[in-house]
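A.B. asks: Here you go, this is protein-v7.txt (compact mmCIF, C-alpha atoms).
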# COMPACT_ATOMS: atom_id res chain seq x y z
CA MET A 26 117.58 40.54 151.56
CA PRO A 27 119.64 41.90 154.49
CA TYR A 28 120.66 45.53 154.32
CA GLU A 29 124.28 45.81 153.22
CA ARG A 30 125.66 48.69 155.25
CA SER A 31 128.62 50.56 153.79
CA ARG A 32 131.57 51.77 155.84
CA SER A 33 129.62 54.87 156.88
CA PRO A 34 126.02 54.92 158.17
CA LYS A 35 123.55 56.33 155.68
CA ALA A 36 120.77 58.87 156.19
CA LEU A 37 117.88 59.26 153.76
CA ILE A 38 116.53 62.82 153.89
CA ALA A 39 113.06 63.56 152.54
CA GLY A 40 113.03 67.22 151.49
CA GLY A 41 115.75 69.17 149.71
CA SER A 42 114.96 72.66 150.95
CA ILE A 43 116.87 74.54 153.66
CA SER A 44 115.91 72.17 156.48
CA GLY A 45 117.00 69.11 154.51
CA LEU A 46 120.21 70.77 153.35
CA PHE A 47 121.20 71.66 156.91
CA ALA A 48 120.50 68.09 158.01
CA GLY A 49 122.49 66.65 155.13
CA LEU A 50 125.50 68.91 155.55
CA LEU A 51 125.71 68.53 159.32
CA LEU A 52 125.25 64.75 159.28
CA ARG A 53 127.91 64.48 156.61
CA ARG A 54 130.30 66.42 158.84
CA VAL A 55 129.94 63.80 161.59
CA GLY A 56 130.64 60.87 159.29
CA TRP A 57 127.29 59.96 157.75
CA GLU A 58 126.62 59.32 154.11
CA VAL A 59 123.57 61.33 153.06
CA GLU A 60 121.10 61.18 150.19
CA LEU A 61 118.50 63.94 149.80
CA PHE A 62 115.24 63.43 147.90
CA GLU A 63 113.44 66.53 146.66
CA ARG A 64 109.96 66.17 145.15
CA ASN A 65 110.46 69.02 142.68
CA GLY A 66 111.97 67.97 139.40
CA ASN A 67 114.05 71.12 138.99
CA GLU A 68 116.33 73.17 141.19
CA LEU A 69 114.29 75.07 143.77
CA SER A 70 113.79 78.66 142.69
CA ALA A 71 114.32 81.69 144.88
CA ARG A 72 111.32 82.55 147.00
CA GLY A 73 110.12 86.00 147.98
CA ALA A 74 110.73 85.53 151.67
CA GLY A 75 113.03 87.37 154.03
CA ILE A 76 114.77 85.72 156.96
CA VAL A 77 115.89 87.19 160.26
CA THR A 78 119.09 85.54 161.48
CA HIS A 79 119.98 84.50 165.03
CA GLU A 80 123.10 83.15 166.72
CA GLU A 81 121.97 79.54 166.44
CA LEU A 82 121.75 79.90 162.66
CA PHE A 83 125.33 81.13 162.47
CA ASP A 84 126.45 78.28 164.74
CA ALA A 85 124.88 75.78 162.33
CA LEU A 86 126.44 77.46 159.28
CA ALA A 87 129.88 77.41 160.91
CA GLU A 88 129.58 73.78 161.94
CA ALA A 89 128.45 72.88 158.41
CA GLY A 90 131.69 74.43 157.16
CA ILE A 91 130.02 77.11 155.07
CA THR A 92 130.98 80.49 156.48
CA THR A 93 131.74 82.47 159.61
CA ASP A 94 131.61 85.74 157.65
CA ARG A 95 128.27 87.35 158.43
CA ALA A 96 128.68 89.80 155.56
CA ARG A 97 128.31 86.81 153.19
CA VAL A 98 125.04 85.77 154.80
CA GLY A 99 122.99 88.93 154.62
CA VAL A 100 122.48 92.65 155.17
CA PHE A 101 123.42 94.24 158.50
CA VAL A 102 120.87 96.60 160.04
CA PRO A 103 121.71 98.57 163.20
CA GLY A 104 118.21 98.86 164.60
CA ARG A 105 114.47 99.26 164.25
CA ARG A 106 111.96 102.02 163.72
CA ILE A 107 108.19 102.39 163.68
CA LEU A 108 106.39 104.72 161.30
CA ASP A 109 102.91 106.13 161.67
CA GLY A 110 100.24 106.47 159.00
CA GLU A 111 101.79 109.72 157.80
CA GLY A 112 105.24 108.23 157.44
CA ASN A 113 106.70 109.88 160.54
CA ILE A 114 109.09 108.03 162.85
CA VAL A 115 107.30 107.48 166.17
CA ALA A 116 109.81 105.15 167.85
CA GLU A 117 113.32 103.81 167.29
CA ARG A 118 115.49 101.18 168.95
CA GLU A 119 119.04 99.95 168.48
CA LEU A 120 119.05 96.22 167.78
CA PRO A 121 121.83 95.01 165.46
CA GLN A 122 120.88 92.05 163.26
CA VAL A 123 121.69 90.44 159.92
CA MET A 124 118.78 90.04 157.51
CA THR A 125 118.91 87.54 154.69
CA SER A 126 116.60 85.94 152.15
CA TRP A 127 115.46 82.39 151.49
CA GLY A 128 117.08 82.35 148.08
CA HIS A 129 120.44 83.64 149.28
CA LEU A 130 120.68 81.20 152.19
CA TYR A 131 119.50 78.29 150.04
CA GLY A 132 122.22 79.11 147.53
CA LEU A 133 124.94 79.01 150.18
CA LEU A 134 123.76 75.62 151.42
CA ARG A 135 123.02 74.08 148.04
CA SER A 136 126.44 74.93 146.60
CA GLU A 137 128.04 73.07 149.52
CA LEU A 138 126.03 69.89 149.00
CA ALA A 139 126.31 68.83 145.39
CA ALA A 140 126.59 65.03 145.55
CA GLY A 141 123.68 62.92 146.76
CA TYR A 142 120.90 65.40 145.89
CA ARG A 143 118.07 63.70 143.96
CA HIS A 144 115.45 65.77 142.13
CA GLY A 145 111.97 64.56 141.22
CA ARG A 146 111.75 61.92 143.95
CA SER A 147 108.51 62.33 145.92
CA LEU A 148 108.22 60.15 149.01
CA ARG A 149 105.12 57.94 149.00
CA ASP A 150 105.70 55.80 152.09
CA TYR A 151 108.40 54.17 154.18
CA GLU A 152 108.95 51.13 156.34
CA GLU A 153 111.32 50.35 159.16
CA ARG A 154 113.00 46.96 159.16
CA ALA A 155 115.10 45.26 161.81
CA ASP A 156 118.35 46.87 160.66
CA SER A 157 117.31 49.56 158.16
CA VAL A 158 114.61 51.89 156.88
CA VAL A 159 113.29 51.81 153.31
CA ALA A 160 111.83 54.86 151.56
CA HIS A 161 109.37 54.26 148.69
CA PHE A 162 108.86 56.92 146.03
CA ASP A 163 106.03 57.77 143.64
CA ASP A 164 108.08 56.72 140.62
CA GLY A 165 108.28 53.17 141.94
CA SER A 166 111.88 53.43 143.11
CA HIS A 167 113.10 52.95 146.66
CA ALA A 168 116.14 53.70 148.80
CA GLU A 169 117.45 52.01 151.91
CA GLY A 170 119.49 53.43 154.77
CA ASP A 171 120.07 53.46 158.49
CA LEU A 172 117.96 56.58 159.19
CA LEU A 173 115.09 58.51 157.61
CA VAL A 174 114.92 62.25 158.27
CA GLY A 175 111.62 63.96 157.47
CA ALA A 176 112.59 67.48 156.43
CA ASP A 177 109.64 67.67 154.04
CA GLY A 178 107.84 70.68 155.44
CA LEU A 179 104.46 71.56 156.86
CA PHE A 180 102.59 68.82 154.99
CA SER A 181 105.27 66.23 155.66
CA THR A 182 104.59 62.82 154.17
CA VAL A 183 106.91 61.29 156.76
CA ARG A 184 104.78 62.72 159.56
CA GLN A 185 101.41 62.08 157.94
CA ARG A 186 102.18 58.38 157.49
CA ARG A 187 102.56 57.94 161.26
CA LEU A 188 100.58 60.87 162.70
CA PRO A 189 97.64 61.29 160.30
CA ALA A 190 95.57 63.23 162.83
CA ALA A 191 98.23 65.93 163.33
CA HIS A 192 97.22 68.94 161.23
CA PRO A 193 98.11 72.64 161.17
CA VAL A 194 95.55 75.12 162.52
CA TYR A 195 94.66 78.39 160.79
CA ALA A 196 95.32 81.37 163.07
CA GLY A 197 92.66 83.65 161.57
CA TYR A 198 94.87 85.99 159.53
CA VAL A 199 97.11 86.08 156.48
CA ALA A 200 100.43 87.59 155.51
CA TRP A 201 100.90 89.40 152.25
CA ARG A 202 104.57 89.21 151.31
CA GLY A 203 106.85 90.41 148.59
CA LEU A 204 110.19 91.76 147.42
CA VAL A 205 110.84 94.99 145.58
CA ASP A 206 114.13 96.15 144.06
CA GLU A 207 115.73 98.80 146.23
CA ALA A 208 116.59 100.80 143.11
CA ALA A 209 112.90 100.98 142.13
CA LEU A 210 112.01 102.89 145.30
CA SER A 211 112.08 106.65 145.70
CA ASP A 212 114.99 108.32 147.48
CA ALA A 213 112.72 109.17 150.40
CA THR A 214 111.57 105.58 150.84
CA ARG A 215 115.07 104.14 150.50
CA SER A 216 116.34 106.59 153.10
CA MET A 217 113.52 105.79 155.52
CA LEU A 218 113.29 102.02 155.15
CA CYS A 219 116.27 100.40 153.49
CA ASP A 220 118.81 100.47 156.28
CA ARG A 221 116.52 99.44 159.17
CA PHE A 222 114.03 96.83 160.33
CA CYS A 223 110.86 98.93 160.01
CA PHE A 224 107.23 98.61 161.13
CA CYS A 225 103.89 100.31 160.64
CA LEU A 226 100.94 99.45 162.90
CA PRO A 227 97.49 100.10 161.40
CA PRO A 228 94.67 99.16 163.82
CA GLY A 229 94.52 95.37 164.13
CA GLU A 230 97.24 94.89 161.52
CA GLN A 231 101.00 95.09 161.15
CA ILE A 232 103.45 95.52 158.31
CA LEU A 233 107.19 95.11 158.64
CA GLY A 234 110.11 95.12 156.27
CA TYR A 235 113.87 95.06 155.92
CA PRO A 236 116.60 94.88 153.24
CA VAL A 237 117.78 91.53 151.88
CA ALA A 238 119.87 90.26 148.97
CA GLY A 239 118.76 91.48 145.56
CA VAL A 240 118.95 90.24 141.98
CA GLY A 241 121.83 87.81 141.58
CA GLU A 242 121.97 87.59 145.38
CA SER A 243 123.73 90.96 145.51
CA LEU A 244 124.24 92.41 148.98
CA ALA A 245 125.57 95.76 147.71
CA PRO A 246 123.57 98.90 148.63
CA GLY A 247 121.45 100.00 145.72
CA HIS A 248 121.33 96.46 144.33
CA ARG A 249 119.46 94.80 147.19
CA SER A 250 115.77 94.09 147.64
CA PHE A 251 113.35 95.21 150.31
CA ASN A 252 111.26 92.44 151.86
CA PHE A 253 107.87 93.17 153.40
CA VAL A 254 105.35 91.14 155.40
CA TRP A 255 101.85 92.55 155.98
CA TYR A 256 99.64 90.74 158.51
CA ARG A 257 95.89 91.17 157.94
CA PRO A 258 92.84 89.52 159.56
CA ALA A 259 90.85 87.18 157.31
CA ASP A 260 87.98 85.03 158.49
CA ALA A 261 87.24 81.73 156.75
CA ARG A 262 85.05 83.37 154.11
CA SER A 263 87.58 86.11 153.35
CA LEU A 264 90.40 83.58 153.17
CA ALA A 265 88.47 81.47 150.68
CA GLU A 266 87.86 84.54 148.53
CA ILE A 267 91.55 85.47 148.55
CA LEU A 268 92.59 81.93 147.64
CA ARG A 269 90.16 81.44 144.73
CA ASP A 270 92.51 81.65 141.75
CA VAL A 271 92.18 83.08 138.23
CA ASP A 272 90.93 79.72 136.96
CA GLY A 273 88.23 79.43 139.62
CA ASN A 274 90.11 76.79 141.60
CA GLN A 275 89.93 77.01 145.38
CA GLY A 276 93.18 76.90 147.36
CA ASP A 277 93.13 75.79 150.97
CA LEU A 278 96.06 77.59 152.57
CA SER A 279 98.18 78.99 149.76
CA ILE A 280 98.10 79.96 146.12
CA SER A 281 100.73 80.52 143.44
CA PRO A 282 101.54 84.24 143.08
CA VAL A 283 100.81 84.10 139.34
CA LYS A 284 97.37 82.62 140.06
CA ILE A 285 96.16 85.37 142.42
CA ARG A 286 93.26 87.22 140.81
CA PRO A 287 94.18 90.77 139.70
CA GLU A 288 91.22 92.25 141.57
CA VAL A 289 92.45 90.71 144.84
CA VAL A 290 95.89 92.27 144.37
CA ALA A 291 94.33 95.59 143.36
CA ALA A 292 92.17 95.66 146.49
CA MET A 293 95.21 94.89 148.64
CA ARG A 294 97.20 97.70 147.04
CA ALA A 295 94.30 100.11 147.51
CA ASP A 296 94.15 99.18 151.20
CA ALA A 297 97.89 99.82 151.46
CA GLY A 298 97.42 103.35 150.14
CA ARG A 299 94.61 103.93 152.62
CA LEU A 300 96.06 102.28 155.76
CA LEU A 301 99.84 102.44 155.54
CA GLY A 302 102.29 105.27 155.65
CA PRO A 303 103.51 106.52 152.26
CA HIS A 304 106.82 104.64 152.34
CA PHE A 305 105.29 101.23 152.97
CA ALA A 306 102.46 102.00 150.56
CA GLU A 307 105.07 102.62 147.86
CA VAL A 308 106.77 99.31 148.63
CA VAL A 309 103.49 97.42 148.26
CA ARG A 310 102.53 99.33 145.11
CA LYS A 311 105.86 98.62 143.39
CA THR A 312 106.15 94.94 144.32
CA LYS A 313 105.62 93.14 141.02
CA LEU A 314 104.53 89.75 142.29
CA PRO A 315 103.14 89.82 145.86
CA PHE A 316 102.02 86.54 147.37
CA VAL A 317 99.82 85.58 150.27
CA GLN A 318 100.02 82.85 152.89
CA ALA A 319 97.62 81.74 155.59
CA ILE A 320 99.19 81.98 159.04
CA LEU A 321 99.24 78.61 160.76
CA ASP A 322 100.20 76.95 164.02
CA PHE A 323 101.47 73.40 164.23
CA GLU A 324 103.05 71.36 167.03
CA THR A 325 103.97 67.72 166.77
CA PRO A 326 103.46 65.52 169.84
CA THR A 327 106.71 63.72 168.99
CA MET A 328 109.68 64.22 166.68
CA VAL A 329 110.69 60.55 166.75
CA LEU A 330 108.40 58.35 164.67
CA GLY A 331 110.13 55.00 165.08
CA GLU A 332 113.46 53.42 165.86
CA ARG A 333 115.00 54.96 162.73
CA THR A 334 112.72 57.84 161.73
CA VAL A 335 112.70 61.48 162.86
CA ILE A 336 111.15 64.76 161.71
CA LEU A 337 112.53 68.27 162.06
CA GLY A 338 112.03 71.85 160.89
CA ASP A 339 108.53 72.69 159.63
CA ALA A 340 107.62 69.00 159.54
CA ALA A 341 107.65 69.13 163.35
CA PHE A 342 106.75 72.71 164.35
CA VAL A 343 105.38 75.68 162.44
CA ALA A 344 105.36 78.97 164.30
CA ARG A 345 103.76 82.21 163.18
CA PRO A 346 106.40 84.36 161.43
CA HIS A 347 106.39 87.09 164.13
CA VAL A 348 108.98 85.13 166.06
CA GLY A 349 111.30 85.01 163.04
CA MET A 350 112.69 81.62 164.03
CA GLY A 351 111.58 79.21 161.31
CA ILE A 352 114.91 78.80 159.53
CA THR A 353 116.93 79.10 162.73
CA LYS A 354 114.75 76.43 164.33
CA ALA A 355 115.36 74.10 161.39
CA ALA A 356 119.11 74.74 161.57
CA GLY A 357 119.11 74.12 165.33
CA ASP A 358 117.17 70.89 164.87
CA ALA A 359 119.69 69.67 162.30
CA LEU A 360 122.63 70.65 164.48
CA ALA A 361 121.23 68.81 167.50
CA LEU A 362 120.44 65.74 165.39
CA ALA A 363 123.96 65.59 163.97
CA ARG A 364 125.53 65.94 167.39
CA SER A 365 123.30 63.19 168.78
CA LEU A 366 124.22 60.86 165.91
CA ALA A 367 127.94 61.62 165.87
CA GLY A 368 128.64 58.16 167.29
CA GLY A 369 127.34 56.46 164.16
CA ALA A 370 124.63 53.84 163.75
CA ALA A 371 125.35 51.71 166.81
CA ASP A 372 122.32 52.93 168.79
CA ILE A 373 120.20 55.19 166.61
CA ALA A 374 117.07 54.83 168.75
CA SER A 375 118.83 56.18 171.85
CA ALA A 376 120.39 59.02 169.84
CA LEU A 377 116.97 60.03 168.52
CA ARG A 378 115.51 60.05 172.03
CA ARG A 379 118.32 62.36 173.17
CA PHE A 380 117.66 64.61 170.19
CA GLU A 381 113.94 64.79 170.92
CA ALA A 382 114.47 65.53 174.61
CA GLN A 383 116.52 68.55 173.58
CA ARG A 384 114.49 69.93 170.67
CA LEU A 385 110.85 69.16 171.47
CA PRO A 386 110.77 71.80 174.27
CA VAL A 387 112.44 74.30 171.94
CA GLY A 388 109.82 73.86 169.23
CA THR A 389 107.01 74.11 171.77
CA ALA A 390 108.45 77.32 173.24
CA ILE A 391 108.88 78.93 169.81
CA VAL A 392 105.28 78.19 168.78
CA ARG A 393 103.97 79.52 172.10
CA ARG A 394 106.05 82.67 171.78
CA ALA A 395 104.85 83.25 168.23
CA ARG A 396 101.21 82.92 169.32
CA ASN A 397 101.76 85.56 171.97
CA LEU A 398 103.39 87.93 169.49
CA GLY A 399 100.48 87.43 167.09
CA SER A 400 97.83 88.08 169.71
CA TYR A 401 97.55 91.74 168.65
CA MET A 402 95.69 90.59 165.56
CA GLY A 403 92.68 90.13 167.82
CA THR A 404 91.32 87.11 165.99
CA GLN A 405 91.32 84.68 168.90
CA LEU A 406 90.78 86.86 171.97
CA GLY A 407 88.83 84.61 174.28
CA ASP A 408 89.96 85.38 177.81
CA ALA A 409 91.56 88.07 179.93
CA ARG A 410 95.07 86.72 179.35
CA GLN A 411 94.68 86.86 175.58
CA ARG A 412 93.31 90.40 175.75
CA GLU A 413 96.25 91.39 177.95
CA LEU A 414 98.71 89.92 175.46
CA ALA A 415 96.98 91.64 172.56
CA GLU A 416 97.19 95.02 174.24
CA ARG A 417 100.84 94.51 175.11
CA HIS A 418 101.88 93.49 171.62
CA ARG A 419 100.16 96.48 170.03
CA GLN A 420 102.55 98.84 171.82
CA PRO A 421 105.41 100.19 169.66
CA GLU A 422 108.11 99.47 172.25
CA ALA A 423 106.97 95.88 172.67
CA VAL A 424 106.79 95.37 168.91
CA MET A 425 110.36 96.56 168.45
CA ALA A 426 111.75 94.73 171.48
CA GLU A 427 110.07 91.36 170.96
CA THR A 428 109.52 90.70 167.25
CA ALA A 429 112.02 88.21 165.78
CA VAL A 430 114.29 88.06 168.82
CA THR A 431 115.12 85.18 171.11
CA ALA A 432 114.41 87.10 174.32
CA GLY A 433 111.70 85.28 176.24
CA LEU A 434 112.75 81.90 174.84
CA GLU A 435 114.59 80.79 177.96
CA VAL A 436 114.58 77.19 176.79
CA LEU A 437 117.16 78.17 174.15
CA ALA A 438 119.62 79.49 176.70
Can you present the structure in this file as structure tokens?
C.D. replies:
Amino acid sequence: MPYERSRSPKALIAGGSISGLFAGLLLRRVGWEVELFERNGNELSARGAGIVTHEELFDALAEAGITTDRARVGVFVPGRRILDGEGNIVAERELPQVMTSWGHLYGLLRSELAAGYRHGRSLRDYEERADSVVAHFDDGSHAEGDLLVGADGLFSTVRQRRLPAAHPVYAGYVAWRGLVDEAALSDATRSMLCDRFCFCLPPGEQILGYPVAGVGESLAPGHRSFNFVWYRPADARSLAEILRDVDGNQGDLSISPVKIRPEVVAAMRADAGRLLGPHFAEVVRKTKLPFVQAILDFETPTMVLGERTVILGDAAFVARPHVGMGITKAAGDALALARSLAGGAADIASALRRFEAQRLPVGTAIVRRARNLGSYMGTQLGDARQRELAERHRQPEAVMAETAVTAGLEVLA
């Protein structure tokens, strides 16, 4: 049966997280009807992850019609500081930024897109037809539209159906992450950490942290949270040990926080007391539910997977978190896609090619930059250039100047 197109072209978006929400909101603003399909049956819960903002993220928020008030988005910090193992400040740098959290940003986006959001719809496969694309779901249902957007993350079904050989690569280290209530910290730790982007640099490791929205998404001082990320080397054997859960099941790249074995968390906290300065050690000790993630690299060879199918965000590129660009990259992808498709459905294939020509180099540059920033971990030092990068990115001034900033990403200019 021929596809009966409505007055507006229709986009099917696989993935209802931040990437999918940006795509949906921005496409809707340029005249598209959108329908988002999220595999989870319930509303996505807040995640213990902090986000560094950049100008491109604010551009996307403004164009989506959400806010131009940065005070609504996150916590302003005036600069950065590095602490030594005794808790002394060894370096400082002015660098104004707004820090937010996954949960707070998701809430802003989700409240703006109420209609057309479908829970419990996991994409199984899709097919392009002469004048449409059809998405098939695990529950036996299907949906038809003019465009399919794969915003379904690192293990994207949209991508895997057309690029089955494209897999993420483990970088050789993990990140322990978590949030702790600002009010739970001592006065000394709040004073040292909670109004700056802070770092501590144990040999071959790095921990960083900054304030984000707290319980109830409060941005008020004293009611916020402090987000930390601790990068630690872990070879394949160590990773497997970390990811063996309380039930004896073996995770590949991640594990639910409630399934991490108590002895693994206890060992991590003991290492924090031994390796970190007292302020960061307190943060780690008082975080109730830390979680761990394997650090990965992924680059897609193409973002366009057909005449009517495209991937963006983490489905296309996953960069190590040092660059702090994951959410901004997803927002920029969605913004570029919407602008390319503003003319409607007359020539989707050409619009997707324009989109890819713009964003493929951006994703490649971000992943490359993140690898360079992560070189200090020393897990993949194979040649003189890598050793040079590792030495550079161990230096306090370089850490402060280059972590989670767009400097050096000329392709974004």
A.B. asks: Which residues come within 8 Å of Phe224 of chain A, counting all atoms listed in the file, excluding same-chain residues fewer than 5 positions away, as a list in words?
C.D. replies: Arg105, Arg106, Ile107, Leu108, Gln231, Ile232, Leu233 and Gly234 of chain A
A.B. asks: Select, from A:Val199, A:Val343, A:Leu244, A:Ala371, the residue with the minimum atom-to-atom distance to Gly99 of chain A, counting only C-alpha atoms.
C.D. replies: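 Ranking A:Val199, A:Val343, A:Leu244, A:Ala371 by distance to Gly99 of chain A, first place goes to A:Leu244.
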A.B. asks: Measuring between all atoms listed in the file, which one of A:Leu204, A:Val115, A:Leu61, A:Leu385 shows the shortest distance to Lys354 of chain A?
C.D. replies: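 Closest residue, counting all atoms listed in the file: A:Leu385.
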A.B. asks: Between atom CA of Thr431 of chain A and atom CA of Ile114 of chain A, what is the distance, to one decimal in Å?
C.D. replies: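 That distance, rounded to one decimal, is 25.0 Å.
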A.B. asks: Quote the spacing between atom CA of Glu137 of chain A and atom CA of Gly247 of chain A in Å to one decimal place.
C.D. replies: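 Value for the atom CA of Glu137 of chain A-atom CA of Gly247 of chain A distance: 28.0 Å.
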A.B. asks: What's the 9 Å shell around Met217 of chain A, counting all atoms listed in the file, without same-chain residues fewer than 5 positions away, as a list of chain:residue names?
C.D. replies: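 Residues meeting the cut-off are A:Gly112, A:Ile114, A:Asp212, A:Cys223, A:His304.
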A.B. asks: May I ask which of the residues A:Ala139, A:Ala116, A:Ile267, A:Ala160 is the closest one to Phe316 of chain A, counting only C-alpha atoms?
C.D. replies: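 Of all the options, A:Ile267 lies closest to Phe316 of chain A.
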A.B. asks: Find, counting only C-alpha atoms, the residue in A:Tyr401, A:Leu218, A:Phe162, A:Ala356 that gets nearest to Gly104 of chain A.
C.D. replies: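 Using only C-alpha atoms, Gly104 of chain A sits closest to A:Leu218.
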A.B. asks: With all atoms listed in the file as the atoms that count, which of A:Ala341, A:Pro236, A:Ile38, A:Trp57 lies nearest to Ala367 of chain A?
C.D. replies: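 For Ala367 of chain A, the nearest of the candidates is A:Trp57.
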A.B. asks: Excluding Gly110 of chain A and its own-chain neighbours fewer than 4 positions away, which residues fall within 10 Å of it when counting only C-alpha atoms? Please give them as a PyMOL selection string.
C.D. replies: chain A and resi 114+225-227+298-306
A.B. asks: Just how far from atom CA of Ala319 of chain A is atom CA of Ile280 of chain A, in Å to one decimal?
C.D. replies: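 According to the coordinates, atom CA of Ile280 of chain A and atom CA of Ala319 of chain A are separated by 9.6 Å.
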A.B. asks: Fewer than 2 positions away in the same chain doesn't count, so skip those; otherwise give me all residues within 12 Å of Gln383 of chain A, counting only C-alpha atoms, as a list in words.
C.D. replies: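 Residues near the query, excluding close chain neighbours: Thr327, Met328, Gly357, Asp358, Ala359, Leu360, Ala361, Leu362, Arg364, Ser365, Ala376, Leu377, Arg378, Arg379, Phe380, Glu381, Leu385, Pro386, Val387, Gly388, Thr389, Ala390, Val436, Leu437 and Ala438 of chain A.
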A.B. asks: If we count only C-alpha atoms and set the cut-off at 10 Å, which residues sit around Ile285 of chain A, ignoring sequence neighbours fewer than 6 positions away in its own chain? Please answer as a PyMOL selection string.
C.D. replies: chain A and resi 267-272+279+314-317
A.B. asks: Between A:Phe101, A:Phe222, A:Phe323, A:Tyr142, single out the one closest to Tyr235 of chain A, counting all atoms listed in the file.
C.D. replies: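 Distance minimum relative to Tyr235 of chain A lands on A:Phe222.
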